[in-house]
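Data from target-v6.pdb: PDB, C-alpha atoms and all ligand atoms
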ATOM      1  CA  MET A   1      -5.944  -7.606   4.096
ATOM      2  CA  LEU A   2      -4.870  -7.817   7.707
ATOM      3  CA  ALA A   3      -6.744  -5.612  10.151
ATOM      4  CA  GLY A   4      -7.513  -3.121   7.380
ATOM      5  CA  VAL A   5      -4.008  -3.118   5.883
ATOM      6  CA  LYS A   6      -3.551  -4.471   2.364
ATOM      7  CA  PHE A   7      -0.763  -6.999   1.705
ATOM      8  CA  ARG A   8       0.092  -7.962  -1.888
ATOM      9  CA  ASN A   9      -0.174 -11.670  -1.031
ATOM     10  CA  PRO A  10      -0.670 -13.738   2.150
ATOM     11  CA  VAL A  11       2.930 -15.001   2.520
ATOM     12  CA  ILE A  12       5.390 -13.337   4.905
ATOM     13  CA  ALA A  13       9.010 -14.307   5.619
ATOM     14  CA  ALA A  14       9.234 -15.164   9.333
ATOM     15  CA  SER A  15      11.513 -13.417  11.799
ATOM     16  CA  GLY A  16      15.081 -14.655  12.097
ATOM     17  CA  THR A  17      15.051 -16.582   8.841
ATOM     18  CA  PHE A  18      15.339 -13.730   6.340
ATOM     19  CA  GLY A  19      17.764 -11.364   8.070
ATOM     20  CA  PHE A  20      16.606  -7.793   7.478
ATOM     21  CA  GLY A  21      15.572  -8.516   3.906
ATOM     22  CA  LEU A  22      18.735  -6.869   2.573
ATOM     23  CA  GLU A  23      20.528  -9.950   1.290
ATOM     24  CA  TYR A  24      17.544 -11.226  -0.702
ATOM     25  CA  ARG A  25      15.899  -7.966  -1.628
ATOM     26  CA  GLN A  26      14.667  -9.251  -5.018
ATOM     27  CA  ILE A  27      12.723 -11.992  -3.268
ATOM     28  CA  ALA A  28      11.573  -9.753  -0.407
ATOM     29  CA  GLN A  29       9.940  -7.388  -2.943
ATOM     30  CA  LYS A  30       7.590 -10.103  -4.156
ATOM     31  CA  LEU A  31       6.309 -11.318  -0.786
ATOM     32  CA  GLY A  32       3.348 -10.058   1.203
ATOM     33  CA  GLY A  33       5.854  -8.869   3.779
ATOM     34  CA  ILE A  34       8.991  -9.636   5.705
ATOM     35  CA  VAL A  35       9.498  -9.753   9.444
ATOM     36  CA  THR A  36      12.927  -8.581  10.573
ATOM     37  CA  LYS A  37      15.182 -10.438  12.953
ATOM     38  CA  ALA A  38      14.217  -9.508  16.539
ATOM     39  CA  ILE A  39      15.467  -6.086  17.648
ATOM     40  CA  THR A  40      16.269  -5.321  21.271
ATOM     41  CA  LEU A  41      17.000  -2.023  23.027
ATOM     42  CA  GLU A  42      20.704  -2.787  23.379
ATOM     43  CA  PRO A  43      22.810  -4.823  20.927
ATOM     44  CA  ARG A  44      23.023  -8.543  21.749
ATOM     45  CA  ALA A  45      25.881 -10.880  20.891
ATOM     46  CA  GLY A  46      23.647 -13.971  20.977
ATOM     47  CA  ASN A  47      24.469 -17.422  22.320
ATOM     48  CA  PRO A  48      27.781 -19.300  21.955
ATOM     49  CA  MET A  49      28.302 -21.486  18.863
ATOM     50  CA  PRO A  50      27.108 -23.892  17.604
ATOM     51  CA  ARG A  51      23.696 -22.351  17.225
ATOM     52  CA  ILE A  52      21.857 -24.646  14.824
ATOM     53  CA  ALA A  53      21.489 -28.423  14.890
ATOM     54  CA  GLU A  54      19.724 -30.433  12.218
ATOM     55  CA  VAL A  55      17.238 -32.979  13.556
ATOM     56  CA  CYS A  56      14.711 -35.305  11.991
ATOM     57  CA  GLY A  57      12.094 -33.085  10.331
ATOM     58  CA  GLY A  58      13.659 -29.743  11.131
ATOM     59  CA  ILE A  59      16.267 -27.817  13.062
ATOM     60  CA  VAL A  60      16.840 -26.701  16.629
ATOM     61  CA  ASN A  61      18.305 -23.205  16.953
ATOM     62  CA  SER A  62      19.739 -21.289  19.858
ATOM     63  CA  VAL A  63      20.717 -18.063  18.113
ATOM     64  CA  GLY A  64      19.751 -16.117  21.245
ATOM     65  CA  LEU A  65      18.423 -12.954  19.586
ATOM     66  CA  GLU A  66      21.745 -11.681  18.222
ATOM     67  CA  ASN A  67      21.065  -8.218  16.788
ATOM     68  CA  PRO A  68      22.647  -4.755  16.469
ATOM     69  CA  GLY A  69      20.169  -3.006  18.823
ATOM     70  CA  ILE A  70      17.497  -0.437  17.988
ATOM     71  CA  GLN A  71      19.848   2.527  17.476
ATOM     72  CA  ARG A  72      21.975   0.867  14.788
ATOM     73  CA  PHE A  73      18.879  -0.707  13.255
ATOM     74  CA  LYS A  74      17.428   2.771  12.783
ATOM     75  CA  THR A  75      20.535   4.458  11.449
ATOM     76  CA  GLU A  76      22.170   1.687   9.411
ATOM     77  CA  ILE A  77      19.484  -0.791   8.373
ATOM     78  CA  LEU A  78      16.137   1.010   8.079
ATOM     79  CA  PRO A  79      17.361   3.557   5.494
ATOM     80  CA  ARG A  80      18.403   0.666   3.255
ATOM     81  CA  LEU A  81      14.882  -0.758   3.417
ATOM     82  CA  ARG A  82      13.274   2.476   2.269
ATOM     83  CA  ASN A  83      11.917   1.385  -1.105
ATOM     84  CA  LEU A  84      10.820  -2.078  -0.156
ATOM     85  CA  LYS A  85       7.608  -2.890  -2.051
ATOM     86  CA  SER A  86       6.380  -5.469   0.437
ATOM     87  CA  ARG A  87       5.223  -4.761   3.990
ATOM     88  CA  LEU A  88       7.915  -4.325   6.618
ATOM     89  CA  ILE A  89       7.199  -5.816  10.020
ATOM     90  CA  VAL A  90       9.705  -5.253  12.824
ATOM     91  CA  ASN A  91       9.997  -8.031  15.401
ATOM     92  CA  ILE A  92      10.827  -6.586  18.811
ATOM     93  CA  ALA A  93      12.049  -8.347  21.942
ATOM     94  CA  GLY A  94      12.999  -7.440  25.475
ATOM     95  CA  SER A  95      12.908  -8.611  29.053
ATOM     96  CA  LYS A  96      10.684  -5.868  30.514
ATOM     97  CA  THR A  97       7.580  -3.985  29.394
ATOM     98  CA  ASP A  98       9.487  -0.723  29.442
ATOM     99  CA  GLU A  99      11.989  -2.008  26.873
ATOM    100  CA  PHE A 100       9.219  -2.985  24.434
ATOM    101  CA  VAL A 101       7.563   0.405  24.893
ATOM    102  CA  GLN A 102      10.805   2.308  24.287
ATOM    103  CA  ILE A 103      11.536   0.352  21.111
ATOM    104  CA  ALA A 104       7.966   0.819  19.847
ATOM    105  CA  GLU A 105       8.225   4.569  20.393
ATOM    106  CA  MET A 106      11.435   4.665  18.383
ATOM    107  CA  LEU A 107       9.830   2.948  15.383
ATOM    108  CA  GLU A 108       7.326   5.488  14.134
ATOM    109  CA  GLU A 109       8.874   5.603  10.624
ATOM    110  CA  ASP A 110       6.356   5.494   7.772
ATOM    111  CA  GLN A 111       8.026   2.610   6.033
ATOM    112  CA  ILE A 112       7.213   0.243   8.905
ATOM    113  CA  THR A 113       3.764  -1.334   8.625
ATOM    114  CA  ALA A 114       3.652  -3.346  11.824
ATOM    115  CA  LEU A 115       5.393  -4.278  15.032
ATOM    116  CA  GLU A 116       5.490  -7.927  16.021
ATOM    117  CA  LEU A 117       5.985  -8.386  19.772
ATOM    118  CA  ASN A 118       8.152 -11.418  20.303
ATOM    119  CA  LEU A 119       6.768 -12.928  23.514
ATOM    120  CA  SER A 120       7.887 -16.367  22.529
ATOM    121  CA  CYS A 121      11.650 -16.774  22.049
ATOM    122  CA  PRO A 122      12.649 -20.061  23.723
ATOM    123  CA  ASN A 123      16.412 -19.513  23.786
ATOM    124  CA  VAL A 124      17.037 -16.485  26.001
ATOM    125  CA  ARG A 125      17.302 -16.468  29.801
ATOM    126  CA  GLU A 126      15.214 -13.333  30.410
ATOM    127  CA  GLY A 127      12.000 -12.298  28.681
ATOM    128  CA  GLY A 128      11.136 -14.392  25.620
ATOM    129  CA  VAL A 129       8.908 -17.332  26.298
ATOM    130  CA  LEU A 130       8.547 -16.428  29.987
ATOM    131  CA  LEU A 131       6.534 -13.362  28.994
ATOM    132  CA  GLY A 132       4.340 -15.239  26.540
ATOM    133  CA  GLN A 133       3.519 -18.027  28.996
ATOM    134  CA  ASN A 134       1.746 -15.678  31.371
ATOM    135  CA  PRO A 135      -1.591 -14.231  30.150
ATOM    136  CA  LYS A 136      -1.327 -11.335  32.634
ATOM    137  CA  LEU A 137       2.090 -10.323  31.293
ATOM    138  CA  VAL A 138       0.814 -10.663  27.712
ATOM    139  CA  LYS A 139      -2.043  -8.356  28.626
ATOM    140  CA  ASN A 140       0.100  -5.734  30.391
ATOM    141  CA  LEU A 141       2.757  -5.708  27.731
ATOM    142  CA  THR A 142       0.351  -5.542  24.790
ATOM    143  CA  SER A 143      -1.686  -2.715  26.289
ATOM    144  CA  ALA A 144       1.452  -0.755  27.246
ATOM    145  CA  VAL A 145       2.765  -0.922  23.670
ATOM    146  CA  ARG A 146      -0.712  -0.315  22.194
ATOM    147  CA  LYS A 147      -0.871   3.034  23.983
ATOM    148  CA  ARG A 148       2.405   4.146  22.376
ATOM    149  CA  THR A 149       2.093   3.025  18.764
ATOM    150  CA  ARG A 150      -0.299   3.563  15.895
ATOM    151  CA  LYS A 151       1.313   0.774  13.881
ATOM    152  CA  LEU A 152      -0.419  -2.517  13.257
ATOM    153  CA  LEU A 153       0.315  -4.474  16.440
ATOM    154  CA  ILE A 154       0.952  -8.204  16.095
ATOM    155  CA  VAL A 155       1.687 -10.407  19.103
ATOM    156  CA  LYS A 156       3.765 -13.515  18.425
ATOM    157  CA  LEU A 157       2.657 -16.232  20.800
ATOM    158  CA  THR A 158       4.318 -19.301  22.208
ATOM    159  CA  ALA A 159       2.720 -22.723  22.553
ATOM    160  CA  ASN A 160       5.377 -23.962  24.991
ATOM    161  CA  PHE A 161       3.558 -25.137  28.144
ATOM    162  CA  VAL A 162       0.699 -22.682  27.696
ATOM    163  CA  ASP A 163      -2.613 -22.676  25.848
ATOM    164  CA  PRO A 164      -2.146 -20.105  23.048
ATOM    165  CA  ALA A 165      -5.935 -19.612  22.894
ATOM    166  CA  VAL A 166      -5.768 -18.092  26.393
ATOM    167  CA  THR A 167      -2.815 -15.801  25.648
ATOM    168  CA  ALA A 168      -4.336 -14.873  22.255
ATOM    169  CA  ARG A 169      -7.467 -13.693  24.068
ATOM    170  CA  ALA A 170      -5.300 -11.680  26.447
ATOM    171  CA  ALA A 171      -3.581 -10.047  23.465
ATOM    172  CA  GLU A 172      -6.907  -9.353  21.740
ATOM    173  CA  ASP A 173      -8.419  -7.811  24.885
ATOM    174  CA  SER A 174      -5.438  -5.463  25.198
ATOM    175  CA  GLY A 175      -5.568  -4.059  21.683
ATOM    176  CA  ALA A 176      -3.526  -6.411  19.486
ATOM    177  CA  ASP A 177      -4.526  -6.280  15.813
ATOM    178  CA  ALA A 178      -3.378  -9.833  15.066
ATOM    179  CA  VAL A 179      -1.506 -12.771  16.567
ATOM    180  CA  THR A 180       1.208 -14.960  15.082
ATOM    181  CA  VAL A 181       0.909 -18.628  16.026
ATOM    182  CA  ILE A 182       3.422 -20.290  16.711
ATOM    183  CA  ASN A 183       7.086 -19.646  17.460
ATOM    184  CA  THR A 184       9.544 -22.543  17.858
ATOM    185  CA  LEU A 185       8.992 -25.329  20.410
ATOM    186  CA  PHE A 186      11.472 -26.175  23.174
ATOM    187  CA  GLY A 187      14.148 -28.621  22.042
ATOM    188  CA  LEU A 188      17.280 -30.313  23.336
ATOM    189  CA  VAL A 189      19.846 -31.950  21.082
ATOM    190  CA  LEU A 190      22.545 -34.213  22.524
ATOM    191  CA  ASP A 191      25.796 -35.309  20.897
ATOM    192  CA  GLU A 192      27.155 -38.863  20.778
ATOM    193  CA  ASN A 193      28.454 -38.473  24.355
ATOM    194  CA  GLY A 194      25.072 -37.385  25.645
ATOM    195  CA  GLN A 195      26.197 -33.770  26.021
ATOM    196  CA  PRO A 196      24.211 -30.736  24.807
ATOM    197  CA  LEU A 197      25.243 -30.002  21.240
ATOM    198  CA  LEU A 198      24.133 -26.374  21.090
ATOM    199  CA  GLY A 199      26.131 -23.570  22.678
ATOM    200  CA  GLY A 200      22.983 -22.271  24.364
ATOM    201  CA  ARG A 201      22.330 -25.818  25.720
ATOM    202  CA  THR A 202      18.627 -25.879  24.685
ATOM    203  CA  GLY A 203      16.918 -24.253  21.707
ATOM    204  CA  GLY A 204      13.792 -23.959  19.604
ATOM    205  CA  LEU A 205      12.530 -26.646  17.226
ATOM    206  CA  SER A 206      11.191 -25.522  13.841
ATOM    207  CA  GLY A 207      10.420 -27.003  10.432
ATOM    208  CA  PRO A 208       8.036 -29.731   9.214
ATOM    209  CA  ALA A 209       8.244 -31.589  12.560
ATOM    210  CA  ILE A 210       6.126 -28.880  14.222
ATOM    211  CA  LYS A 211       3.561 -28.431  11.441
ATOM    212  CA  PRO A 212       0.756 -30.664  12.808
ATOM    213  CA  PHE A 213       1.019 -29.022  16.239
ATOM    214  CA  ALA A 214       1.171 -25.542  14.714
ATOM    215  CA  LEU A 215      -1.959 -26.319  12.663
ATOM    216  CA  PHE A 216      -3.682 -27.539  15.819
ATOM    217  CA  CYS A 217      -2.797 -24.269  17.563
ATOM    218  CA  VAL A 218      -3.993 -22.111  14.652
ATOM    219  CA  ASP A 219      -7.306 -23.983  14.550
ATOM    220  CA  ARG A 220      -7.699 -23.530  18.306
ATOM    221  CA  VAL A 221      -6.706 -19.848  18.400
ATOM    222  CA  ALA A 222      -8.816 -18.926  15.343
ATOM    223  CA  ALA A 223     -11.844 -20.305  17.148
ATOM    224  CA  ALA A 224     -11.031 -18.301  20.287
ATOM    225  CA  VAL A 225     -10.426 -14.783  18.936
ATOM    226  CA  LYS A 226     -11.902 -12.414  16.367
ATOM    227  CA  ILE A 227      -8.615 -10.762  15.384
ATOM    228  CA  PRO A 228      -6.732 -12.340  12.461
ATOM    229  CA  VAL A 229      -4.333 -15.210  13.059
ATOM    230  CA  ILE A 230      -1.050 -15.447  11.144
ATOM    231  CA  GLY A 231      -0.158 -19.128  10.895
ATOM    232  CA  CYS A 232       3.446 -20.240  11.243
ATOM    233  CA  GLY A 233       5.269 -23.503  11.805
ATOM    234  CA  GLY A 234       6.693 -25.975   9.334
ATOM    235  CA  ILE A 235       5.326 -24.462   6.127
ATOM    236  CA  MET A 236       7.488 -25.826   3.319
ATOM    237  CA  ASN A 237       5.237 -25.543   0.257
ATOM    238  CA  GLY A 238       1.993 -24.130  -1.091
ATOM    239  CA  GLN A 239      -0.081 -27.055   0.142
ATOM    240  CA  ASP A 240       1.176 -26.485   3.718
ATOM    241  CA  ALA A 241       0.273 -22.805   3.447
ATOM    242  CA  TYR A 242      -3.179 -23.704   2.101
ATOM    243  CA  GLU A 243      -3.774 -26.001   5.083
ATOM    244  CA  PHE A 244      -2.994 -23.151   7.489
ATOM    245  CA  LEU A 245      -5.530 -20.945   5.704
ATOM    246  CA  CYS A 246      -8.095 -23.725   5.962
ATOM    247  CA  ALA A 247      -7.344 -24.044   9.690
ATOM    248  CA  GLY A 248      -8.305 -20.394  10.118
ATOM    249  CA  ALA A 249      -5.155 -18.367   9.421
ATOM    250  CA  LYS A 250      -5.592 -15.144   7.466
ATOM    251  CA  MET A 251      -1.935 -15.053   6.400
ATOM    252  CA  VAL A 252       1.100 -17.308   6.862
ATOM    253  CA  GLN A 253       4.743 -16.903   7.811
ATOM    254  CA  VAL A 254       7.478 -19.082   6.386
ATOM    255  CA  GLY A 255      10.639 -19.636   8.447
ATOM    256  CA  THR A 256      12.951 -22.644   8.238
ATOM    257  CA  ALA A 257      12.104 -23.237   4.550
ATOM    258  CA  ASN A 258      13.931 -19.977   3.728
ATOM    259  CA  LEU A 259      17.107 -21.436   5.203
ATOM    260  CA  ILE A 260      17.002 -24.304   2.704
ATOM    261  CA  THR A 261      16.389 -22.126  -0.338
ATOM    262  CA  PRO A 262      16.078 -18.362   0.094
ATOM    263  CA  ASP A 263      13.420 -18.056  -2.613
ATOM    264  CA  ARG A 264      11.186 -20.706  -1.035
ATOM    265  CA  SER A 265       8.644 -18.150   0.242
ATOM    266  CA  TRP A 266       8.178 -16.792  -3.279
ATOM    267  CA  LYS A 267       7.676 -20.326  -4.580
ATOM    268  CA  ILE A 268       5.035 -20.806  -1.883
ATOM    269  CA  VAL A 269       3.208 -17.642  -3.029
ATOM    270  CA  ARG A 270       2.965 -19.063  -6.551
ATOM    271  CA  GLU A 271       1.997 -22.567  -5.457
ATOM    272  CA  LEU A 272      -0.647 -21.223  -3.094
ATOM    273  CA  ALA A 273      -2.174 -19.103  -5.863
ATOM    274  CA  VAL A 274      -2.516 -22.186  -8.082
ATOM    275  CA  ILE A 275      -3.991 -24.301  -5.279
ATOM    276  CA  CYS A 276      -6.509 -21.616  -4.314
ATOM    277  CA  ARG A 277      -7.564 -21.290  -7.942
ATOM    278  CA  LEU A 278      -7.951 -25.037  -8.288
ATOM    279  CA  LYS A 279      -9.896 -25.465  -5.065
ATOM    280  CA  LYS A 280     -11.827 -22.245  -5.695
ATOM    281  CA  SER A 281     -10.942 -20.015  -2.785
ATOM    282  CA  VAL A 282     -14.648 -19.571  -1.993
ATOM    283  CA  GLN A 283     -14.632 -23.112  -0.733
ATOM    284  CA  PHE A 284     -11.895 -22.584   1.801
ATOM    285  CA  LYS A 285     -13.451 -19.347   2.986
ATOM    286  CA  LYS A 286     -16.483 -21.443   3.902
ATOM    287  CA  VAL A 287     -14.310 -23.895   5.814
ATOM    288  CA  ARG A 288     -12.705 -21.024   7.698
ATOM    289  CA  LYS A 289     -16.047 -19.502   8.634
ATOM    290  CA  ALA A 290     -17.367 -22.813   9.857
ATOM    291  CA  ARG A 291     -14.323 -23.300  12.092
ATOM    292  CA  CYS A 292     -14.534 -19.814  13.569
ATOM    293  CA  LYS A 293     -18.067 -20.517  14.773
ATOM    294  CA  LYS A 294     -16.847 -23.260  17.142
TER     295      LYS A 294
HETATM  296  C1  LIG B 301      17.364 -19.516  13.002
HETATM  297  C2  LIG B 301      16.050 -18.985  13.500
HETATM  298  C3  LIG B 301      15.986 -17.718  14.091
HETATM  299  C4  LIG B 301      14.774 -17.219  14.564
HETATM  300  N1  LIG B 301      14.719 -15.975  15.122
HETATM  301  C5  LIG B 301      13.517 -15.453  15.534
HETATM  302  C6  LIG B 301      13.428 -14.129  16.047
HETATM  303  O1  LIG B 301      14.413 -13.377  16.112
HETATM  304  N2  LIG B 301      12.215 -13.688  16.447
HETATM  305  C7  LIG B 301      11.070 -14.474  16.360
HETATM  306  O2  LIG B 301       9.984 -14.022  16.743
HETATM  307  N3  LIG B 301      11.136 -15.722  15.858
HETATM  308  C8  LIG B 301      12.320 -16.223  15.438
HETATM  309  N4  LIG B 301      12.369 -17.491  14.914
HETATM  310  C9  LIG B 301      11.132 -18.288  14.806
HETATM  311  C10 LIG B 301      10.534 -18.233  13.390
HETATM  312  O3  LIG B 301      10.198 -16.912  13.034
HETATM  313  C11 LIG B 301       9.279 -19.137  13.297
HETATM  314  O4  LIG B 301       8.288 -18.635  14.173
HETATM  315  C12 LIG B 301       9.570 -20.582  13.673
HETATM  316  O5  LIG B 301      10.824 -20.981  13.170
HETATM  317  C13 LIG B 301       8.486 -21.555  13.177
HETATM  318  O6  LIG B 301       8.319 -21.488  11.791
HETATM  319  P1  LIG B 301       9.072 -22.485  10.756
HETATM  320  O7  LIG B 301       8.819 -23.886  11.214
HETATM  321  O8  LIG B 301       8.494 -22.141   9.427
HETATM  322  O9  LIG B 301      10.535 -22.145  10.843
HETATM  323  C14 LIG B 301      13.594 -18.009  14.448
HETATM  324  C15 LIG B 301      13.658 -19.267  13.841
HETATM  325  C16 LIG B 301      14.864 -19.756  13.364
HETATM  326  C17 LIG B 301      14.886 -21.111  12.708
END
Can the structure in the file be given as structure tokens, please?
Amino acid sequence: MLAGVKFRNPVIAASGTFGFGLEYRQIAQKLGGIVTKAITLEPRAGNPMPRIAEVCGGIVNSVGLENPGIQRFKTEILPRLRNLKSRLIVNIAGSKTDEFVQIAEMLEEDQITALELNLSCPNVREGGVLLGQNPKLVKNLTSAVRKRTRKLLIVKLTANFVDPAVTARAAEDSGADAVTVINTLFGLVLDENGQPLLGGRTGGLSGPAIKPFALFCVDRVAAAVKIPVIGCGGIMNGQDAYEFLCAGAKMVQVGTANLITPDRSWKIVRELAVICRLKKSVQFKKVRKARCKK
């Protein structure tokens, strides 16, 4: 359960790492939910190639929010997601409050369970992380969208040069139902000549390298807010997912791991179920409660 909405299991495929769930529909059906690639008001071509660089313990990406725009998403993609058995969460991005509000208003379809406000993309020039770094903007944006949607409202926070506990409180105060913690961390990859390797120059680091920091953030945010926290960052297996639940997350999102093997999230669901049975889930509920009291 997340803010009164039932999910079949606590594992969700993270935005940008599972497309729109169309390519791997069989896997998508078995997960708690999938988050779509970010959708903007107008189509975006994204950043120049190359867009992904492998680094020690993860990848740095500068995809730059390439997407077909809300209109095409509604007419061409959403109808194909009609009978999805898992929860559909649409990740939305923009550079101004008005853009987020317009998109939210256009997504009233029944098949969508939640909107995830992306206030944390590190590889776009306008909007993205700049919105999520400022608690006042987080507040204004969240409350503006809250007034226009009845969907579950999730705010995806950044931990780049900002305390996510502060922005999580801002989101909670303005009507968010849950927060996702964290998006990618700023990264720069240089080639053998010392020149930026990625077409977008800088990008966002993800994968196991960010897991300890992501866990730290989840622990910190869970102690600061009453709304549920969705943990994300470097989850590669069931044990990682279990640790996020112990740190105070109610659900988890899996990103980079899906790029290695597309059925990794489903494997994590099964591994997590075994671990929870072995450790007796009651025990980790106690841990979670104790942490929330901090
Ligand atoms: C290639 C790629 C594209 C991404 N695109 C988005 C996006 O469109 N919107 C978003 O909110 N997060 C996006 N993310 C961030 C992931 O959803 C996730 O928050 C982040 O990668 C950390 O989790 P991980 O370490 O499990 O990958 C993207 C990540 C990657 C690797």
For segment 3-18 of chain A, find every residue with an atom within 8 Å (counting only C-alpha atoms), except residues of its own chain fewer than 6 positions away, and show them as a ChimeraX atom specification.
/A:24,28,31-38,86-87,91,152,177-178,227-228,232,250-256,258-259,262,265,268-269
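The smallest atom-to-atom distance between Ser62 of chain A and any of A:Ile112, A:Leu131, A:Leu198, A:Val162, using all atoms listed in the file, is found for A:Leu198.
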Counting all atoms listed in the file, write as a ChimeraX atom specification all protein and nucleic acid residues lying at most 12 Å from (2.4, -25.4, 29.7) in the file's frame.
/A:129-130,132-135,158-164,166-167,185-186
Expansion of the PyMOL selection byres (((chain A and resi 68-81) around 7) and not hetatm) into residues, as a ChimeraX atom specification
/A:39-44,67,82-84,103
Deliver the residues from the most recent selection as a file, using C-alpha atoms, as an mmCIF file, in the coordinates of the input.
data_model
loop_
_atom_site.group_PDB
_atom_site.id
_atom_site.type_symbol
_atom_site.label_atom_id
_atom_site.label_comp_id
_atom_site.auth_asym_id
_atom_site.auth_seq_id
_atom_site.Cartn_x
_atom_site.Cartn_y
_atom_site.Cartn_z
ATOM 1 C CA ILE A 39 15.467 -6.086 17.648
ATOM 2 C CA THR A 40 16.269 -5.321 21.271
ATOM 3 C CA LEU A 41 17.000 -2.023 23.027
ATOM 4 C CA GLU A 42 20.704 -2.787 23.379
ATOM 5 C CA PRO A 43 22.810 -4.823 20.927
ATOM 6 C CA ARG A 44 23.023 -8.543 21.749
ATOM 7 C CA ASN A 67 21.065 -8.218 16.788
ATOM 8 C CA ARG A 82 13.274 2.476 2.269
ATOM 9 C CA ASN A 83 11.917 1.385 -1.105
ATOM 10 C CA LEU A 84 10.820 -2.078 -0.156
ATOM 11 C CA ILE A 103 11.536 0.352 21.111
#
Which of these, A:Gly175, A:Gly194, A:Gly64, A:Gly248, has the shortest distance to ligand LIG 301 (chain B) once you count all atoms listed in the file?
A:Gly64
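In terms of minimum interatomic distance to ligand LIG 301 (chain B), A:Val155 ranks closest within A:Val218, A:Leu278, A:Val155, A:Cys246, counting all atoms listed in the file.
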Any chance you could export segment 216-271 of chain A with C-alpha atoms, as a tab-separated table (two decimals), in the first residue's frame?
chain	number	residue	atom	x	y	z
A	216	PHE	CA	21.61	7.65	3.76
A	217	CYS	CA	19.11	9.98	2.09
A	218	VAL	CA	16.19	7.55	2.53
A	219	ASP	CA	17.02	7.13	6.22
A	220	ARG	CA	17.19	10.91	6.63
A	221	VAL	CA	14.02	11.70	4.67
A	222	ALA	CA	11.99	8.90	6.32
A	223	ALA	CA	12.79	10.45	9.68
A	224	ALA	CA	11.72	13.90	8.48
A	225	VAL	CA	8.31	13.24	6.88
A	226	LYS	CA	5.19	11.20	7.54
A	227	ILE	CA	4.36	10.51	3.89
A	228	PRO	CA	5.82	7.31	2.39
A	229	VAL	CA	9.30	7.32	0.90
A	230	ILE	CA	10.07	5.35	-2.27
A	231	GLY	CA	13.74	4.38	-2.13
A	232	CYS	CA	15.85	4.47	-5.27
A	233	GLY	CA	19.53	4.37	-6.11
A	234	GLY	CA	21.79	1.45	-6.90
A	235	ILE	CA	19.38	-1.39	-6.13
A	236	MET	CA	20.74	-4.44	-7.95
A	237	ASN	CA	19.28	-7.36	-5.99
A	238	GLY	CA	16.79	-8.37	-3.31
A	239	GLN	CA	19.21	-7.69	-0.47
A	240	ASP	CA	19.69	-4.09	-1.69
A	241	ALA	CA	15.92	-3.64	-1.84
A	242	TYR	CA	15.56	-5.08	1.67
A	243	GLU	CA	18.12	-2.59	2.99
A	244	PHE	CA	16.10	0.31	1.56
A	245	LEU	CA	12.99	-0.99	3.32
A	246	CYS	CA	14.95	-1.23	6.56
A	247	ALA	CA	16.16	2.35	6.08
A	248	GLY	CA	12.53	3.49	6.02
A	249	ALA	CA	11.36	3.15	2.41
A	250	LYS	CA	7.83	1.86	1.86
A	251	MET	CA	8.56	0.78	-1.72
A	252	VAL	CA	11.61	0.76	-4.00
A	253	GLN	CA	12.42	1.72	-7.57
A	254	VAL	CA	14.96	-0.13	-9.66
A	255	GLY	CA	16.74	1.74	-12.46
A	256	THR	CA	20.18	0.93	-13.87
A	257	ALA	CA	19.81	-2.79	-13.04
A	258	ASN	CA	17.09	-2.99	-15.72
A	259	LEU	CA	19.62	-1.87	-18.32
A	260	ILE	CA	21.82	-4.87	-17.53
A	261	THR	CA	19.03	-7.43	-17.66
A	262	PRO	CA	15.48	-6.28	-18.38
A	263	ASP	CA	13.94	-8.84	-16.02
A	264	ARG	CA	16.12	-7.77	-13.08
A	265	SER	CA	13.25	-6.00	-11.29
A	266	TRP	CA	11.18	-9.18	-11.36
A	267	LYS	CA	14.12	-11.13	-9.96
A	268	ILE	CA	14.35	-8.54	-7.18
A	269	VAL	CA	10.65	-9.04	-6.34
A	270	ARG	CA	11.26	-12.76	-5.86
A	271	GLU	CA	14.50	-12.35	-3.92
